[in-house]
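Right, one structure below, let's go through it.
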Amino acid sequence: MNFSRFFAVVKARNIEFFRDRSSLGWNLVFPILMLVGLSFVFSGDGRAVYKVGVLNLAQSQSDFLDTKYLSFIDYQESALGEVKLEQHSIDLLVDFNAQKYWVNQGAPNSYLVEKIFLNSHNNYQRIETQGRKIRYVDWVLPGILGMNMMFSCLFGVGYVIVRYRKNAVLKRLKATPLSALEFVSAQLVSRLFIVIFLSSVVYTGCNLFFDFYMLGSYFDLLIIAVLGAFSLITLGLLVASRSKSEELIGGLLNLSSWPMMLLSGVWFSLEGAPDMVKVFADFLPLTHLVAGARKIITEGATLTDISYHVSVLLVMSAVFLTLGAYLFSWNTER
Amino acid sequence: MQEVIRVENLTKSYKDIIAVDNINFAIQKGHCFGLLGPNGAGKTTTIEIMEGIIKATKGEVFYYNKPIDESMSQQIGIQFQHTALQDFLTVKETLNLFTSFYQHTVPHHELIELCDLSEFLDRDNRLLSGGQRQRLLLALALINDPDIVFLDEPTTGLDPQARRNFWQLIKNIKARDKTVVLTTHYMDEAQQLCDDVLIMDHGQIIARGTPRQLLNQHFDEVFIYLPAEQVPDELCQQNNWQVHEQQVEITTTDVEATITLLLSEKISLTGLHVKSPNLDDLFLKLTGHSLRD
């Protein structure tokens, strides 16, 4: 591996990307437009009733449970209910058996539901909790950024390599002492830098307006983003390892990206999906990138907590990279 | 004279097509060697096997008497027939990129002067004209100060002025004692530049030598052309003169005798011109079809 050759190719590819204003603009504008659009569409909470979490709902008895315009959600553990209350997903949490309830100090809805609750149960122990409301835009943020990274990684690597192969840029490079390893590594590092740089710019810029919810560490978020992007880039390399047709690679990249768009939890949670779908989604790198990032952002998870997603991304990257390097062809034979 | 490249029993086949069929030749140091032939003759396949870009089905290529290997890429320069350059890079940045690939390189100011790049050094590759692009590609081929430069149809698609400018660049390279391997289907180009030519058709060698040797060997006649309407058909038939595109083509070894005959037949000599045979004519003679087919 000659690092001077490697860095020269990284630099050339970066220059090529950043000078292509239309592509750069689209990579920046697309996720911002999606976030702004979704934040407007889902700006109202859309709920006709207040939500009250109840621990062991089936074993609970109270007139309060008959109150109109309230919906009751069962929780088996108080910890999960408390997180949901802190995130404003529910307005009050009650444990009828232990005669105590939790209220979110910072939530107006929680204040109103407490007033209703105290009409019938003014002797219950009051526990205060606090937390910012988690909005749809906070929940969907890792999905949108992940999806943008996926398109940038798959198409930015796959399409570019096939274009290079088709118009003989690869053939010209093969005629120099540059090795396949140096070329492929340079494409990988260049795209990783571009994707992480652009995602950071989009996240930081949008954060000024949206003030995103963030319970975890930014460092952990960066690590899972790098691992996810690396895995998606290696998938792009694998898909483009031999193809010389732009039409074919377009189809193959769509075939790789659309299942991830729909089934990797970008837009909605897969919790209620059939097991078959969940198993299938587990084989998609974007699933692990989005799930890991979402847990860091909304639940404050650490890298240890999401070690499953980290491990799967590492294994996927190793498999895609090994196969991609093994199958890679400069494809100069006619 | 030292032998730089030797090709032995070279064959390349693609499925049921034999692109190169068991050819042998050698190239001398400092020569400009021309591989001539029509499109599909096997020129590009032969040159790309010599460059180490594609593998031969059979046979071997020797570079200074050693079989070619990957280390050869440090010592050769290549200009492909069809190559795109990376978009959005300037000429200067492209030179920098390729410079980083080699251990030993020519100073940029020398290359810029040799290939006349100074006026468009900061221009985006996408905005180069055909001639400028070919000059940049030539500079890239020379960037590692190679012993041998492979140029695959470097002037195809260029206007006549750009072609002549490019010929001058190739002459300048030759003057630096470089060996040049050139494929072309322009015979005037081969006659201008090549010390040694090899004519191929259907993957086989059909003639080999210096342009002058080949022409002397195959022709001792010249061609006289006259507008067809000035020459009666009977005279053409009697003398076996050919009529092509409203011109009578008279092949003769004795120009004076032919002119005397035309004058005695009271045929106007308006529009007459005399042409010596060239490699195109040689090819036509050897294969029965034109080089540009």
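Quick note on naming: the chains in the structure tokens go A, B, ... in the order shown, residues restart at 1 in each chain, and ligands are numbered from 1 in order of appearance.
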Among stretch 18-140 of chain B, which residues carry a DSSP assignment of alpha helix (DSSP H), reported as a compact mmCIF listing (two decimals) with C-alpha atoms, in the first residue's frame?
# COMPACT_ATOMS: atom_id res chain seq x y z
CA LYS B 43 -4.12 -3.43 -33.41
CA THR B 44 -5.59 -2.30 -30.08
CA THR B 45 -5.67 -5.85 -28.71
CA THR B 46 -2.01 -6.33 -29.66
CA ILE B 47 -0.90 -3.03 -28.12
CA GLU B 48 -2.90 -3.65 -24.93
CA ILE B 49 -1.30 -7.06 -24.47
CA MET B 50 2.11 -5.39 -24.94
CA GLU B 51 1.14 -2.83 -22.28
CA VAL B 91 -5.31 19.91 -16.04
CA LYS B 92 -2.81 20.83 -13.32
CA GLU B 93 -4.60 18.69 -10.71
CA THR B 94 -4.72 15.77 -13.15
CA LEU B 95 -0.96 16.06 -13.66
CA ASN B 96 -0.49 16.13 -9.86
CA LEU B 97 -2.67 13.03 -9.44
CA PHE B 98 -0.73 11.00 -11.99
CA THR B 99 2.60 12.28 -10.68
CA HIS B 108 5.89 19.56 -14.70
CA HIS B 109 7.33 22.61 -16.44
CA GLU B 110 9.09 20.29 -18.92
CA LEU B 111 5.90 18.37 -19.66
CA ILE B 112 3.88 21.56 -19.96
CA GLU B 113 6.35 22.89 -22.49
CA LEU B 114 6.76 19.62 -24.37
CA GLY B 130 -10.22 17.38 -28.63
CA GLY B 131 -6.66 18.48 -29.38
CA GLN B 132 -6.07 19.81 -25.86
CA ARG B 133 -7.39 16.60 -24.37
CA GLN B 134 -5.06 14.48 -26.50
CA ARG B 135 -2.11 16.70 -25.50
CA LEU B 136 -2.96 16.23 -21.83
CA LEU B 137 -3.30 12.46 -22.32
CA LEU B 138 0.10 12.48 -24.04
CA ALA B 139 1.58 14.42 -21.10
CA LEU B 140 0.14 11.78 -18.73
Once you count only C-alpha atoms, what closest atom pair and distance in Å to one decimal does each residue of chain A within 12 Å of chain B have, with rows by chain and rising residue number, as JSON lines?
{"residue": "A:Met1", "atom": "CA", "partner": "B:Phe101", "partner_atom": "CA", "distance": 11.6}
{"residue": "A:Asn2", "atom": "CA", "partner": "B:Phe101", "partner_atom": "CA", "distance": 8.7}
{"residue": "A:Phe3", "atom": "CA", "partner": "B:Ser100", "partner_atom": "CA", "distance": 9.6}
{"residue": "A:Ser4", "atom": "CA", "partner": "B:Ser100", "partner_atom": "CA", "distance": 6.2}
{"residue": "A:Arg5", "atom": "CA", "partner": "B:Phe101", "partner_atom": "CA", "distance": 5.3}
{"residue": "A:Phe6", "atom": "CA", "partner": "B:Phe101", "partner_atom": "CA", "distance": 8.8}
{"residue": "A:Phe7", "atom": "CA", "partner": "B:Ser100", "partner_atom": "CA", "distance": 9.0}
{"residue": "A:Ala8", "atom": "CA", "partner": "B:Leu97", "partner_atom": "CA", "distance": 5.7}
{"residue": "A:Val9", "atom": "CA", "partner": "B:Leu97", "partner_atom": "CA", "distance": 6.9}
{"residue": "A:Val10", "atom": "CA", "partner": "B:Leu97", "partner_atom": "CA", "distance": 9.9}
{"residue": "A:Lys11", "atom": "CA", "partner": "B:Leu97", "partner_atom": "CA", "distance": 8.7}
{"residue": "A:Ala12", "atom": "CA", "partner": "B:Leu97", "partner_atom": "CA", "distance": 7.0}
{"residue": "A:Arg13", "atom": "CA", "partner": "B:Gln86", "partner_atom": "CA", "distance": 8.4}
{"residue": "A:Asn14", "atom": "CA", "partner": "B:Leu89", "partner_atom": "CA", "distance": 10.1}
{"residue": "A:Ile15", "atom": "CA", "partner": "B:Leu89", "partner_atom": "CA", "distance": 7.0}
{"residue": "A:Glu16", "atom": "CA", "partner": "B:Phe88", "partner_atom": "CA", "distance": 5.1}
{"residue": "A:Phe17", "atom": "CA", "partner": "B:Phe88", "partner_atom": "CA", "distance": 8.1}
{"residue": "A:Phe18", "atom": "CA", "partner": "B:Phe88", "partner_atom": "CA", "distance": 8.9}
{"residue": "A:Arg19", "atom": "CA", "partner": "B:Phe88", "partner_atom": "CA", "distance": 6.1}
{"residue": "A:Asp20", "atom": "CA", "partner": "B:Phe88", "partner_atom": "CA", "distance": 7.0}
{"residue": "A:Arg21", "atom": "CA", "partner": "B:Phe88", "partner_atom": "CA", "distance": 10.2}
{"residue": "A:Val160", "atom": "CA", "partner": "B:Gln86", "partner_atom": "CA", "distance": 10.5}
{"residue": "A:Ile161", "atom": "CA", "partner": "B:Gln86", "partner_atom": "CA", "distance": 11.6}
{"residue": "A:Arg163", "atom": "CA", "partner": "B:Ala84", "partner_atom": "CA", "distance": 9.9}
{"residue": "A:Tyr164", "atom": "CA", "partner": "B:Ala84", "partner_atom": "CA", "distance": 8.1}
{"residue": "A:Arg165", "atom": "CA", "partner": "B:Ala84", "partner_atom": "CA", "distance": 9.9}
{"residue": "A:Lys166", "atom": "CA", "partner": "B:Ala84", "partner_atom": "CA", "distance": 9.3}
{"residue": "A:Asn167", "atom": "CA", "partner": "B:Ala84", "partner_atom": "CA", "distance": 5.5}
{"residue": "A:Ala168", "atom": "CA", "partner": "B:Thr83", "partner_atom": "CA", "distance": 5.0}
{"residue": "A:Val169", "atom": "CA", "partner": "B:Ala84", "partner_atom": "CA", "distance": 5.5}
{"residue": "A:Leu170", "atom": "CA", "partner": "B:Thr83", "partner_atom": "CA", "distance": 9.0}
{"residue": "A:Lys171", "atom": "CA", "partner": "B:Thr83", "partner_atom": "CA", "distance": 7.8}
{"residue": "A:Arg172", "atom": "CA", "partner": "B:Thr83", "partner_atom": "CA", "distance": 6.8}
{"residue": "A:Leu173", "atom": "CA", "partner": "B:Phe98", "partner_atom": "CA", "distance": 8.7}
{"residue": "A:Lys174", "atom": "CA", "partner": "B:Ile53", "partner_atom": "CA", "distance": 7.4}
{"residue": "A:Ala175", "atom": "CA", "partner": "B:Ser73", "partner_atom": "CA", "distance": 6.4}
{"residue": "A:Thr176", "atom": "CA", "partner": "B:Ser73", "partner_atom": "CA", "distance": 5.6}
{"residue": "A:Pro177", "atom": "CA", "partner": "B:Ser73", "partner_atom": "CA", "distance": 5.7}
{"residue": "A:Leu178", "atom": "CA", "partner": "B:Phe101", "partner_atom": "CA", "distance": 6.1}
{"residue": "A:Ser179", "atom": "CA", "partner": "B:Phe101", "partner_atom": "CA", "distance": 9.7}
{"residue": "A:Glu182", "atom": "CA", "partner": "B:Phe101", "partner_atom": "CA", "distance": 10.6}
{"residue": "A:Phe183", "atom": "CA", "partner": "B:Phe101", "partner_atom": "CA", "distance": 11.1}
{"residue": "A:Trp330", "atom": "CA", "partner": "B:Ile53", "partner_atom": "CA", "distance": 9.7}
{"residue": "A:Asn331", "atom": "CA", "partner": "B:Ile54", "partner_atom": "CA", "distance": 9.4}
{"residue": "A:Thr332", "atom": "CA", "partner": "B:Ile54", "partner_atom": "CA", "distance": 6.9}
{"residue": "A:Glu333", "atom": "CA", "partner": "B:Ile54", "partner_atom": "CA", "distance": 6.2}
{"residue": "A:Arg334", "atom": "CA", "partner": "B:Tyr14", "partner_atom": "CA", "distance": 8.3}
Restricting it to C-alpha atoms, dump the selection as a compact mmCIF listing (two decimals), in the first residue's frame.
# COMPACT_ATOMS: atom_id res chain seq x y z
CA MET A 1 0.00 0.00 0.00
CA ASN A 2 1.54 3.28 -1.12
CA PHE A 3 -0.02 6.10 0.93
CA SER A 4 1.03 8.89 -1.39
CA ARG A 5 -0.90 7.23 -4.26
CA PHE A 6 -3.79 6.41 -1.92
CA PHE A 7 -4.14 10.00 -0.62
CA ALA A 8 -3.80 11.43 -4.13
CA VAL A 9 -6.83 9.39 -5.25
CA VAL A 10 -8.79 10.32 -2.08
CA LYS A 11 -8.06 13.99 -2.74
CA ALA A 12 -8.98 13.76 -6.43
CA ARG A 13 -12.27 12.04 -5.62
CA ASN A 14 -13.11 14.61 -2.92
CA ILE A 15 -12.40 17.48 -5.30
CA GLU A 16 -14.56 15.83 -7.93
CA PHE A 17 -17.46 15.50 -5.46
CA PHE A 18 -17.29 18.96 -3.90
CA ARG A 19 -16.99 20.70 -7.29
CA ASP A 20 -20.05 18.90 -8.62
CA ARG A 21 -22.38 21.59 -7.26
CA VAL A 160 -19.10 6.19 -9.81
CA ILE A 161 -17.07 2.99 -10.09
CA ARG A 163 -19.01 5.03 -14.69
CA TYR A 164 -15.22 4.99 -14.26
CA ARG A 165 -15.15 1.45 -15.60
CA LYS A 166 -17.38 2.25 -18.56
CA ASN A 167 -15.57 5.40 -19.68
CA ALA A 168 -12.15 3.77 -19.17
CA VAL A 169 -10.95 5.96 -16.27
CA LEU A 170 -10.34 2.67 -14.42
CA LYS A 171 -8.44 1.31 -17.40
CA ARG A 172 -6.22 4.41 -17.42
CA LEU A 173 -5.59 4.04 -13.69
CA LYS A 174 -4.81 0.35 -14.12
CA ALA A 175 -2.07 1.33 -16.57
CA THR A 176 -0.31 3.13 -13.70
CA PRO A 177 1.33 1.48 -10.68
CA LEU A 178 -1.86 2.18 -8.63
CA SER A 179 -3.09 -1.11 -7.14
CA GLU A 182 -5.19 1.47 -3.13
CA PHE A 183 -7.94 2.50 -5.52
CA TRP A 330 -10.84 -3.24 -13.51
CA ASN A 331 -12.69 -4.96 -16.33
CA THR A 332 -10.52 -3.85 -19.15
CA GLU A 333 -11.14 -6.91 -21.29
CA ARG A 334 -13.57 -6.28 -24.07
Near-stretch 216-232 of chain B list (12 Å; only C-alpha atoms; drop same-chain fewer than 3 positions) as number ranges by chain: B: 207-213, 235-239, 241-259, 261-263, 265-279, 281-286
Per-residue DSSP, stretch 62-288 of chain B, filtered to strand (DSSP E), as a ChimeraX atom specification: /B:62-63,66-67,76-79,148-152,179-184,196-201,204-209,222-227,242-244,247-252,273-275
Using only C-alpha atoms, please write the residues we just selected to a file, as a compact mmCIF listing (two decimals), in the first residue's frame.
# COMPACT_ATOMS: atom_id res chain seq x y z
CA PHE B 62 9.28 -9.64 -23.64
CA TYR B 63 10.42 -6.23 -22.43
CA LYS B 66 12.25 -10.34 -19.75
CA PRO B 67 8.59 -11.40 -19.72
CA ILE B 76 6.09 2.66 -19.86
CA GLY B 77 3.74 5.44 -20.90
CA ILE B 78 0.30 4.77 -22.36
CA GLN B 79 -2.25 6.82 -24.23
CA ILE B 148 8.63 3.40 -24.37
CA VAL B 149 5.40 5.25 -25.16
CA PHE B 150 2.32 3.47 -26.49
CA LEU B 151 -0.06 5.71 -28.44
CA ASP B 152 -3.28 4.06 -29.59
CA THR B 179 10.67 4.35 -28.41
CA VAL B 180 7.17 5.07 -29.70
CA VAL B 181 4.59 2.40 -30.53
CA LEU B 182 1.78 3.93 -32.53
CA THR B 183 -1.43 2.45 -33.88
CA THR B 184 -3.20 4.36 -36.57
CA ASP B 196 9.04 0.77 -39.11
CA VAL B 197 5.49 -0.38 -39.83
CA LEU B 198 3.56 -3.57 -39.43
CA ILE B 199 0.27 -3.94 -41.29
CA MET B 200 -2.37 -6.17 -39.74
CA ASP B 201 -5.68 -7.51 -40.95
CA GLN B 204 -2.56 -11.44 -38.76
CA ILE B 205 0.52 -9.60 -40.03
CA ILE B 206 0.25 -9.01 -43.77
CA ALA B 207 3.32 -6.78 -44.29
CA ARG B 208 6.32 -5.52 -42.31
CA GLY B 209 9.15 -3.05 -43.04
CA VAL B 222 2.38 5.49 -60.23
CA PHE B 223 -1.25 6.52 -60.66
CA ILE B 224 -2.49 9.07 -63.19
CA TYR B 225 -6.01 10.44 -62.77
CA LEU B 226 -8.18 12.17 -65.40
CA PRO B 227 -11.84 13.26 -65.34
CA GLN B 242 -10.24 1.61 -64.06
CA VAL B 243 -13.01 4.19 -63.59
CA HIS B 244 -13.66 5.22 -59.96
CA GLN B 247 -12.21 9.54 -62.52
CA VAL B 248 -10.12 7.31 -64.73
CA GLU B 249 -7.27 5.70 -62.80
CA ILE B 250 -4.31 4.84 -65.01
CA THR B 251 -1.66 2.64 -63.41
CA THR B 252 1.66 3.02 -65.21
CA HIS B 273 -2.92 14.63 -61.59
CA VAL B 274 -0.24 12.08 -60.79
CA LYS B 275 -0.01 10.27 -57.46
Shell around A:Tyr326 at 10 Å using only C-alpha atoms, local window under 5 positions removed, as a list of chain:residue names: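 Close residues of A:Tyr326: A:Leu238, A:Ser241, A:Phe320, A:Leu321.
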For atom CA of B:Val106 and atom CA of B:Phe120, the interatomic separation in Å (one decimal): 19.1 Å
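Here the question is which of A:Ala180, A:Leu284, A:Arg191, A:Trp267 gets nearest to A:Phe328 using only C-alpha atoms, and that residue is A:Ala180.
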Atom pair atom CA of A:Glu299 / atom CA of A:Gly228: separation (Å):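 Separation between atom CA of A:Glu299 and atom CA of A:Gly228: 19.0 Å.
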Long-range neighbours of A:Ile32 as a list in words, 10 Å cut-off, only C-alpha atoms, 2 positions minimum in chain: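 Non-adjacent residues within range: Trp26, Asn27, Leu28, Val29, Phe30, Met34, Leu35, Val36, Gly37, Leu38, Ile144, Leu145, Val202, Tyr203, Gly205 and Cys206 of chain A.
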